[in-house]
Amino acid sequence: MLWIMQFSGFFSAAMMMIVLSPSLQSFPPAEAIRSSHLDSYIRLPSFQVSTSPDSQDDRFSFRKAFEFRNADECGFADHKTTGVCDPTLVHAAITLDVQYLRGSIAAVHSILQHSLCPENVFFHFLVSETDMETLVRSTFPQLKFKVYYFDPEIVRNLISSSVRQALEQPLNYARNYLADLLEPCVRRVIYLDSDLVFVDNISKLWSTNLRSRTIGAPEYCHANFTKYFTNSFWSDDRFSGTFRGRKPCYFNTGVMVIDLVRWRRAGFTRRIERWMEIQKSNRIYELGSLPPFLLVFAGRVAPIEHRWNQHGLGGDNVRGSCRDLHPGPISLLHWSGSGKPWLRLDSKRPCPLDALWAPYDLYRHPH
């Protein structure tokens, strides 16, 4: 009976997704000239690769993804000539962390799977480990990307303890430095966490109108904003006064459209660092890298539809309990929280919605 109940849960989740998301009812036209959704998940010996034949670390072993091509309506652009500075490219930044590598690879796979013009997407990978470029190239041979090394020492002395140790990893703070790491010609970028998958065309998110704002993200104004900061923060006007004249709302930093030109001009990296310095001596928040972003940007965010961050699927930051989908259309599923779908699937104790992540998983399971 147990397996029947588990299958029922997966089936219900899949059916719910089909009803809520138009992008799962029919693939984009480009899908007709690429491999099918199911083909990319079939395990064939000839597609099994790893960074090294002698590698004993199963975390670095992934199947080779099938090739994705642009649809006819994407037009022609000679990216080899213009490179990363090509104005027709969609730029996405994501970290490649050892512990979350499986999630990052799945995220990239999902973007390619649902993009109408996958050859027009340029990935900027932020790393603190070496040899990641070989892994990416072997898994996605045609991918347009560049790897950027982020030195953990830049933020090590700025990081405070958090409610969950994973939130204290230096690479979590690399997004604060995108404006410095990426080429000056890159004027806009979509920053993405490693624990999400797209079920819609990334170009739709890329075309977001930021108006006069520096970042765009889905806002959640019904959330209790005060809980993101300590009592000592709210009782000290030197700190809480930063929100005076603003209407701050919570937003999740795992999906952001960032105007790098405005960011560089206003020096937002230094503003975030300043709040991290204050935190070291005054303990004004408890939750990792999120609060500094709220302090600088809350109330000054270009709102994006909630469909672009169906977050919280990893449960809370302690128990990682199962969550249901929020009502409404869905373009992106985000397993923020302590529970990650690949860990729950491997442990044979998945949540129903984890079945929606599995088709994008390219991890090569050991025999």
# chains A, B, ... in the order shown; residues from 1 in each chain; ligands from 1

call {"tool": "residues_around", "arguments": {"residues": "A:Ala106", "least_positions_apart": "4", "cutoff": "9 Å", "atoms": "only C-alpha atoms", "output": "short mmCIF file (atom, residue, chain, number, x, y, z; two decimals) with N, CA, C and O atoms, in the first residue's frame"}}
result
data_model
loop_
_atom_site.label_atom_id
_atom_site.label_comp_id
_atom_site.auth_asym_id
_atom_site.auth_seq_id
_atom_site.Cartn_x
_atom_site.Cartn_y
_atom_site.Cartn_z
N LEU A 101 25.80 21.08 -6.60
CA LEU A 101 26.13 20.95 -8.01
C LEU A 101 25.04 20.23 -8.79
O LEU A 101 24.70 20.61 -9.92
N ARG A 102 24.47 19.21 -8.21
CA ARG A 102 23.42 18.45 -8.88
C ARG A 102 22.21 19.33 -9.17
O ARG A 102 21.59 19.22 -10.24
N SER A 110 16.93 22.53 -17.29
CA SER A 110 15.53 22.97 -17.41
C SER A 110 15.41 24.24 -18.25
O SER A 110 14.46 24.40 -19.02
N ILE A 111 16.38 25.14 -18.12
CA ILE A 111 16.36 26.37 -18.91
C ILE A 111 16.49 26.04 -20.39
O ILE A 111 15.74 26.57 -21.23
N SER A 194 20.52 27.56 -6.97
CA SER A 194 20.83 26.24 -7.54
C SER A 194 19.71 25.21 -7.35
O SER A 194 19.80 24.12 -7.91
N ASP A 195 18.70 25.54 -6.57
CA ASP A 195 17.67 24.56 -6.22
C ASP A 195 16.33 24.87 -6.88
O ASP A 195 15.29 24.82 -6.25
N LEU A 196 16.36 25.16 -8.17
CA LEU A 196 15.14 25.51 -8.89
C LEU A 196 15.17 24.93 -10.29
O LEU A 196 16.22 24.54 -10.81
N VAL A 197 14.00 24.88 -10.91
CA VAL A 197 13.90 24.51 -12.33
C VAL A 197 12.88 25.41 -13.02
O VAL A 197 11.89 25.84 -12.41
N TRP A 357 10.90 17.85 -10.22
CA TRP A 357 12.32 18.20 -10.41
C TRP A 357 13.07 17.08 -11.13
O TRP A 357 13.98 17.32 -11.92
N ALA A 358 12.68 15.84 -10.87
CA ALA A 358 13.43 14.66 -11.32
C ALA A 358 13.70 14.61 -12.82
O ALA A 358 14.79 14.18 -13.23
N PRO A 359 12.79 15.00 -13.71
CA PRO A 359 13.06 14.88 -15.15
C PRO A 359 14.25 15.70 -15.65
O PRO A 359 14.77 15.43 -16.73
N TYR A 360 14.68 16.68 -14.87
CA TYR A 360 15.80 17.53 -15.29
C TYR A 360 17.13 17.08 -14.69
O TYR A 360 18.17 17.65 -14.97
N ASP A 361 17.09 16.05 -13.88
CA ASP A 361 18.27 15.55 -13.18
C ASP A 361 19.16 14.77 -14.15
O ASP A 361 18.72 13.79 -14.75
N LEU A 362 20.42 15.18 -14.29
CA LEU A 362 21.37 14.49 -15.17
C LEU A 362 22.42 13.71 -14.39
O LEU A 362 23.39 13.22 -14.97
N TYR A 363 22.21 13.58 -13.10
CA TYR A 363 23.17 12.89 -12.26
C TYR A 363 23.27 11.41 -12.66
O TYR A 363 22.26 10.76 -12.88
#

call {"tool": "select_by_dssp", "arguments": {"residues": "stretch 208-319 of chain A", "states": "alpha helix (DSSP H)", "output": "VMD selection string"}}
result
chain A and resid 231 to 234 237 to 240 260 to 266 268 to 282 290 to 297

call {"tool": "select_by_dssp", "arguments": {"residues": "stretch 101-326 of chain A", "states": "strand (DSSP E)", "output": "ChimeraX atom specification"}}
result
/A:121-127,144-149,188-192,196-198,215-217,219-220,250-251,255-259,302-303

call {"tool": "closest_residue", "arguments": {"among": "A:Val84, A:Leu126, A:Leu295, A:Ile258", "to": "A:Val186", "atoms": "only C-alpha atoms"}}
result
A:Val84

call {"tool": "atom_distance", "arguments": {"atom1": "atom CA of A:Thr139", "atom2": "atom CA of A:Phe66"}}
result
8.9 Å

call {"tool": "atom_distance", "arguments": {"atom1": "atom CA of A:Ser281", "atom2": "atom CA of A:Ala298"}}
result
22.5 Å

call {"tool": "residues_around", "arguments": {"residues": "A:His306", "least_positions_apart": "6", "cutoff": "12 Å", "atoms": "only C-alpha atoms", "output": "PDB file with C-alpha atoms, in the first residue's frame"}}
result
ATOM      1  CA  LEU A 205      11.622  36.694 -17.449  1.00  0.00           C
ATOM      2  CA  GLY A 216      13.216  42.983 -10.119  1.00  0.00           C
ATOM      3  CA  ALA A 217      11.777  40.069  -8.142  1.00  0.00           C
ATOM      4  CA  PRO A 218       8.425  38.675  -7.021  1.00  0.00           C
ATOM      5  CA  GLU A 219       7.397  40.493  -3.829  1.00  0.00           C
ATOM      6  CA  TYR A 220       5.363  39.017  -0.974  1.00  0.00           C
ATOM      7  CA  CYS A 221       3.874  41.947   0.922  1.00  0.00           C
ATOM      8  CA  PHE A 251      11.308  39.157  -1.688  1.00  0.00           C
ATOM      9  CA  ASN A 252      13.283  35.974  -2.292  1.00  0.00           C
ATOM     10  CA  VAL A 255      15.410  34.736  -8.546  1.00  0.00           C
ATOM     11  CA  MET A 256      16.325  38.303  -9.445  1.00  0.00           C
ATOM     12  CA  LEU A 325       2.080  24.685  -4.633  1.00  0.00           C
ATOM     13  CA  HIS A 326       0.786  28.209  -4.239  1.00  0.00           C
ATOM     14  CA  PRO A 327      -2.349  28.982  -6.296  1.00  0.00           C
ATOM     15  CA  GLY A 328      -1.894  30.429  -9.759  1.00  0.00           C
ATOM     16  CA  PRO A 329       0.210  29.854 -12.886  1.00  0.00           C
ATOM     17  CA  ILE A 330       3.768  28.566 -12.564  1.00  0.00           C
ATOM     18  CA  SER A 331       6.879  29.312 -14.608  1.00  0.00           C
ATOM     19  CA  LEU A 332       9.581  28.408 -12.078  1.00  0.00           C
ATOM     20  CA  LEU A 333       9.709  25.930  -9.182  1.00  0.00           C
ATOM     21  CA  HIS A 334      12.072  26.745  -6.317  1.00  0.00           C
TER      22      HIS A 334
END

call {"tool": "atom_distance", "arguments": {"atom1": "atom CA of A:Gly314", "atom2": "atom CA of A:Val189"}}
result
25.0 Å
